[in-house]
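Peer 1: Before I ask anything, let me first share the structure, which is written out below as structure tokens.
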Amino acid sequence: MSWSPSEPMVSIKDVHKSFGDLKVLNGVSLDVMKGDVICIIGPSGSGKSTLIRCVNALNDIQQGSILVEGQEVNDLHLNKLELRKKVGMVFQQYNLFPHKTALQNVMMAPVRVLKHDKVEAEATARALLKKVRLEGKEAAFPGELSGGQQQRVAIARSLAMQPDVMLFDEVTAALDPETVGEVLQTIKDLAEDGMTCILVTHEMGFAREIADHVYFTDRGVIVEHGPPETFFKDAKDPRTREFLSQIL
Amino acid sequence: MTYKTDLPVMLPVTPREAEPFLRLSLWHAIPIAAVCIVGPSLAFAADGIAILSPLAVLANWAPLLLKGFVFNLVISISAMGLGTAAGAMLGLGQISPNRAMRGSSWFVTQFFRNAPWLVLLFFAMFLLPFEISILGLKIPFPDWFKAILGLSLPVMANVSEIVRGAVNSLPSGQWEAAESLAYTRRQTLWLIILPQCVKRMLPPWMNLYAILTMATVLASIVGVSEVMTLTGRALSAEGGRPELLAPFYGFVLLLFFAYCYPIARFTVRLEKKFSVIT
């Protein structure tokens with residue numbers, strides 16, 4: 001159980017997962033070191049979203065092992081709440097709580113889950129909203145914000161839990177093109193601050209810019225991976241090349 | 001601009017106004033009801049016999065009938081309160097992660113939702129004792145209380161379905177977001193899911209209340225002294241004069257209309273308002 005920063009923060013080994021007869025993950029392994037930013041790309045239905053949802057136990061796995069800071073996720077006695085305090089997640093559809101203001105969205109979990117002091121939590125939440133460049137929007141309800149703004153509130157909401165690793169599940173896929181940039185900038189700021197990030201994305205240019213390592217998945221396996229410089233220039237596998245040629 | 005096409009989907013849409021029955025609008029109901037009530041008395045007055053006209057008789061009895069109607073409202077509010085409390089718990093049972101809990105809550109809900117209200121009322125009337133004694137203390141169980149219990153059963157089942165439906169109508173992303181922020185299931189339900197459901201539940205809940213209010217007259221069949229029972233007694237006390245029937249029952253209808261129609265209008269307004277926001 002003891003984990004030291006020299007070991008991978010997230011270690012995924014030979015993970016298998018199926019929904020009924022449909023095999024979604026077919027033996028996936030990858031390691032993420034502290035401070036790493038990794039991007040998972042691949043065609044729809046290749047299992048990339050499922051993979052990161054397994055990391056915070058939103059989906060369970062049938063076989064294999066996922067260690068988060070040395071804690072086994074594939075465990076019936078897993079304390080999911082403790083795991084999720086360490087792992088933040090941002091969704092494609094933002095999933096903000098529509099009946100709460102931006103500020104309440106951000107400060108609610110620290111107060112209710114981590115039992116932080118309300119005054120401190122509010123100060124932290126305001127600072128986080130400022131960090132994602134949403135100063136002045138504290139009192140706005142999600143319905144009054146643009147998609148990009150909502151997604152940045154969602155990022156702040158996750159950060160308020162002070163997670164050790166952040167999962168991003170196609171966070172720009174539902175956004176208008178003109179607001180994609182502001183969200184990517186926010187993630188980039190985070191990565192530069194040294195946050196460990198696992199991103200599932202279709203933004204190739206962005207992956208190339210910020211990723212330390214890029215993984216290409218297809219039909220439940222990792223087909224190819226490498227640092228972005230080599231990965232995008234000379235992909236070896238024909239499936240990767242075909243995918244990249246369609247996207248780029 | 002006209003289109004040269006014979007494809008119906010291409011033709012411009014002209015929404016047709018709903019045609020009111022015989023071109024009657026709602027406000028015509030009041031004069032019609034008035035004619036029903038006053039008409040017979042006028043005809044009677046033309047007879048010139050020296051007993052009270054039906055309208056005067058009605059005026060004599062109106063305070064008692066109004067009291068009866070207030071009793072109907074007391075029954076409806078109590079049954080709604082009781083049914084809502086029980087139904088909310090049953091509805092939460094229906095979405096419980098515990099399989100046995102879910103199954104039994106579902107069964108109870110379906111059982112009482114698909115039972116005629118009158119049969120449930122009879123059950124409550126004749127199966128409950130007229131008093132219960134706890135530690136030698138005798139607590140009476142009057143008929144009106146049994147009627148409240150009997151009517152709260154179908155309310156409970158319907159509220160249970162309203163709760164279940166509202167919770168299930170929320171996108172699953174709300175649950176997932178809460179889960180990923182390490183909220184417990186209980187916190188998720190009470191802090192995130194249910195507050196969002198209140199708006200969705202209010203219109204069907206108010207609808208149910210209007211239906212329940214109109215159903216309270218069922219209690220007359222089992223002898224509770226509510227407005228229908230009192231009307232019947234008043235009529236027989238007046239010697240069963242047939243020209244009194246229309247004014248008396250018309251009066252009862254007007255009372256219910258005056259109470260339930262505003263509720264229905266308000267429900268429609270709420271539905272419109274919420275459908276725009278969410």
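Ordering of the structure tokens sets the chain letters (A, B, ...), residue numbers begin anew at 1 in every chain, and ligands are numbered from 1 in the order given.
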If we count only C-alpha atoms, which residues of chain B reach to within 9 Å of chain A? Please list them as a PyMOL selection string.
Peer 2: chain B and resi 171+173-184+187+192-193+195-196+277-278
Peer 1: Neighbours of Phe256 in chain B within 12 Å (only C-alpha atoms; same-chain residues fewer than 5 positions away dropped), as a list in words?
Peer 2: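 Non-adjacent residues within range: Leu66, Gly68, Phe69, Val70, Asn72, Leu73, Ala210, Ile211, Leu212, Thr213, Met214, Ala215, Thr216, Val217, Val227, Met228, Tyr249, Gly250, Phe251, Tyr261, Pro262, Ile263 and Ala264 of chain B.
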Peer 1: Compile the contact shell of Leu22 in chain A as a ChimeraX atom specification: residues with an atom at most 12 Å away, counting only C-alpha atoms, same-chain residues fewer than 4 positions apart removed.
Peer 2: /A:16-18,26,45-47,219-220
Peer 1: Can you work out the spacing between CA of Glu243 in chain B and CA of Leu65 in chain B in Å, to one decimal?
Peer 2: 17.8 Å
Peer 1: Among range 58-251 of chain B, which residues does DSSP mark as alpha helix (DSSP H) when it is run on the backbone? Keep the chain and numbering as in the structure and answer as a VMD selection string.
Peer 2: chain B and resid 58 to 94 99 to 113 117 to 127 143 to 169 172 to 180 185 to 187 194 to 215 227 to 237 245 to 251
Peer 1: Using Å and a single decimal, report how far CA of Phe248 in chain B sits from CA of Val155 in chain B.
Peer 2: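 Interatomic distance here is 29.2 Å.
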Peer 1: Please report the interatomic distance between CA of Asp31 in chain A and CA of Asp164 in chain A in Å with one decimal.
Peer 2: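 Between CA of Asp31 in chain A and CA of Asp164 in chain A the gap works out to 14.9 Å.
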Peer 1: For Gln151 in chain A, which of A:Asp117, A:Asp14, A:Asp189, A:Glu182 is the closest residue, counting only C-alpha atoms?
Peer 2: A:Glu182
Peer 1: Which residues are near Ala79 in chain B? Cut-off 7 Å, only C-alpha atoms, ignore same chain within fewer than 4 positions. Put them as a PDB file with all heavy atoms, in the first residue's frame.
Peer 2:
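Generated file (result-v1.pdb):
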ATOM      1  N   ILE B  75     -60.211  16.844   4.833  1.00  0.00           N
ATOM      2  CA  ILE B  75     -59.881  15.458   4.464  1.00  0.00           C
ATOM      3  C   ILE B  75     -58.839  15.442   3.351  1.00  0.00           C
ATOM      4  O   ILE B  75     -57.844  14.713   3.411  1.00  0.00           O
ATOM      5  CB  ILE B  75     -61.144  14.702   4.006  1.00  0.00           C
ATOM      6  CG1 ILE B  75     -62.111  14.535   5.184  1.00  0.00           C
ATOM      7  CG2 ILE B  75     -60.776  13.333   3.429  1.00  0.00           C
ATOM      8  CD1 ILE B  75     -63.427  13.882   4.790  1.00  0.00           C
ATOM      9  N   GLY B  83     -50.314  11.014   2.563  1.00  0.00           N
ATOM     10  CA  GLY B  83     -49.934  10.259   1.367  1.00  0.00           C
ATOM     11  C   GLY B  83     -48.607  10.723   0.806  1.00  0.00           C
ATOM     12  O   GLY B  83     -47.807   9.913   0.324  1.00  0.00           O
ATOM     13  N   ILE B 148     -59.546   9.458   5.744  1.00  0.00           N
ATOM     14  CA  ILE B 148     -58.262  10.086   5.406  1.00  0.00           C
ATOM     15  C   ILE B 148     -57.220   9.010   5.119  1.00  0.00           C
ATOM     16  O   ILE B 148     -56.489   9.078   4.125  1.00  0.00           O
ATOM     17  CB  ILE B 148     -57.792  11.011   6.560  1.00  0.00           C
ATOM     18  CG1 ILE B 148     -58.675  12.251   6.616  1.00  0.00           C
ATOM     19  CG2 ILE B 148     -56.340  11.409   6.385  1.00  0.00           C
ATOM     20  CD1 ILE B 148     -58.447  13.124   7.823  1.00  0.00           C
ATOM     21  N   LEU B 149     -57.178   7.995   5.990  1.00  0.00           N
ATOM     22  CA  LEU B 149     -56.214   6.907   5.776  1.00  0.00           C
ATOM     23  C   LEU B 149     -56.473   6.210   4.444  1.00  0.00           C
ATOM     24  O   LEU B 149     -55.551   5.955   3.666  1.00  0.00           O
ATOM     25  CB  LEU B 149     -56.305   5.885   6.915  1.00  0.00           C
ATOM     26  CG  LEU B 149     -55.648   6.278   8.236  1.00  0.00           C
ATOM     27  CD1 LEU B 149     -55.743   5.122   9.222  1.00  0.00           C
ATOM     28  CD2 LEU B 149     -54.194   6.657   8.024  1.00  0.00           C
ATOM     29  N   LEU B 151     -57.989   7.278   1.747  1.00  0.00           N
ATOM     30  CA  LEU B 151     -57.677   8.084   0.559  1.00  0.00           C
ATOM     31  C   LEU B 151     -56.180   8.342   0.421  1.00  0.00           C
ATOM     32  O   LEU B 151     -55.682   8.594  -0.672  1.00  0.00           O
ATOM     33  CB  LEU B 151     -58.428   9.415   0.620  1.00  0.00           C
ATOM     34  CG  LEU B 151     -59.930   9.318   0.344  1.00  0.00           C
ATOM     35  CD1 LEU B 151     -60.605  10.653   0.619  1.00  0.00           C
ATOM     36  CD2 LEU B 151     -60.193   8.880  -1.089  1.00  0.00           C
ATOM     37  N   SER B 152     -55.456   8.278   1.548  1.00  0.00           N
ATOM     38  CA  SER B 152     -54.023   8.554   1.449  1.00  0.00           C
ATOM     39  C   SER B 152     -53.270   7.390   0.791  1.00  0.00           C
ATOM     40  O   SER B 152     -52.158   7.582   0.304  1.00  0.00           O
ATOM     41  CB  SER B 152     -53.436   8.844   2.831  1.00  0.00           C
ATOM     42  OG  SER B 152     -53.434   7.678   3.608  1.00  0.00           O
TER      43      SER B 152
END
Peer 1: As JSON, numbers by chain, please: the residues near Glu72 in chain A (cut-off 12 Å, only C-alpha atoms, same-chain neighbours under 3 positions excluded).
Peer 2: {"A": [1, 2, 3, 9, 10, 11, 12, 13, 54, 55, 56, 57, 60, 61, 64, 65, 66, 67, 68, 69, 75, 76, 77, 78, 79, 80, 82, 83]}
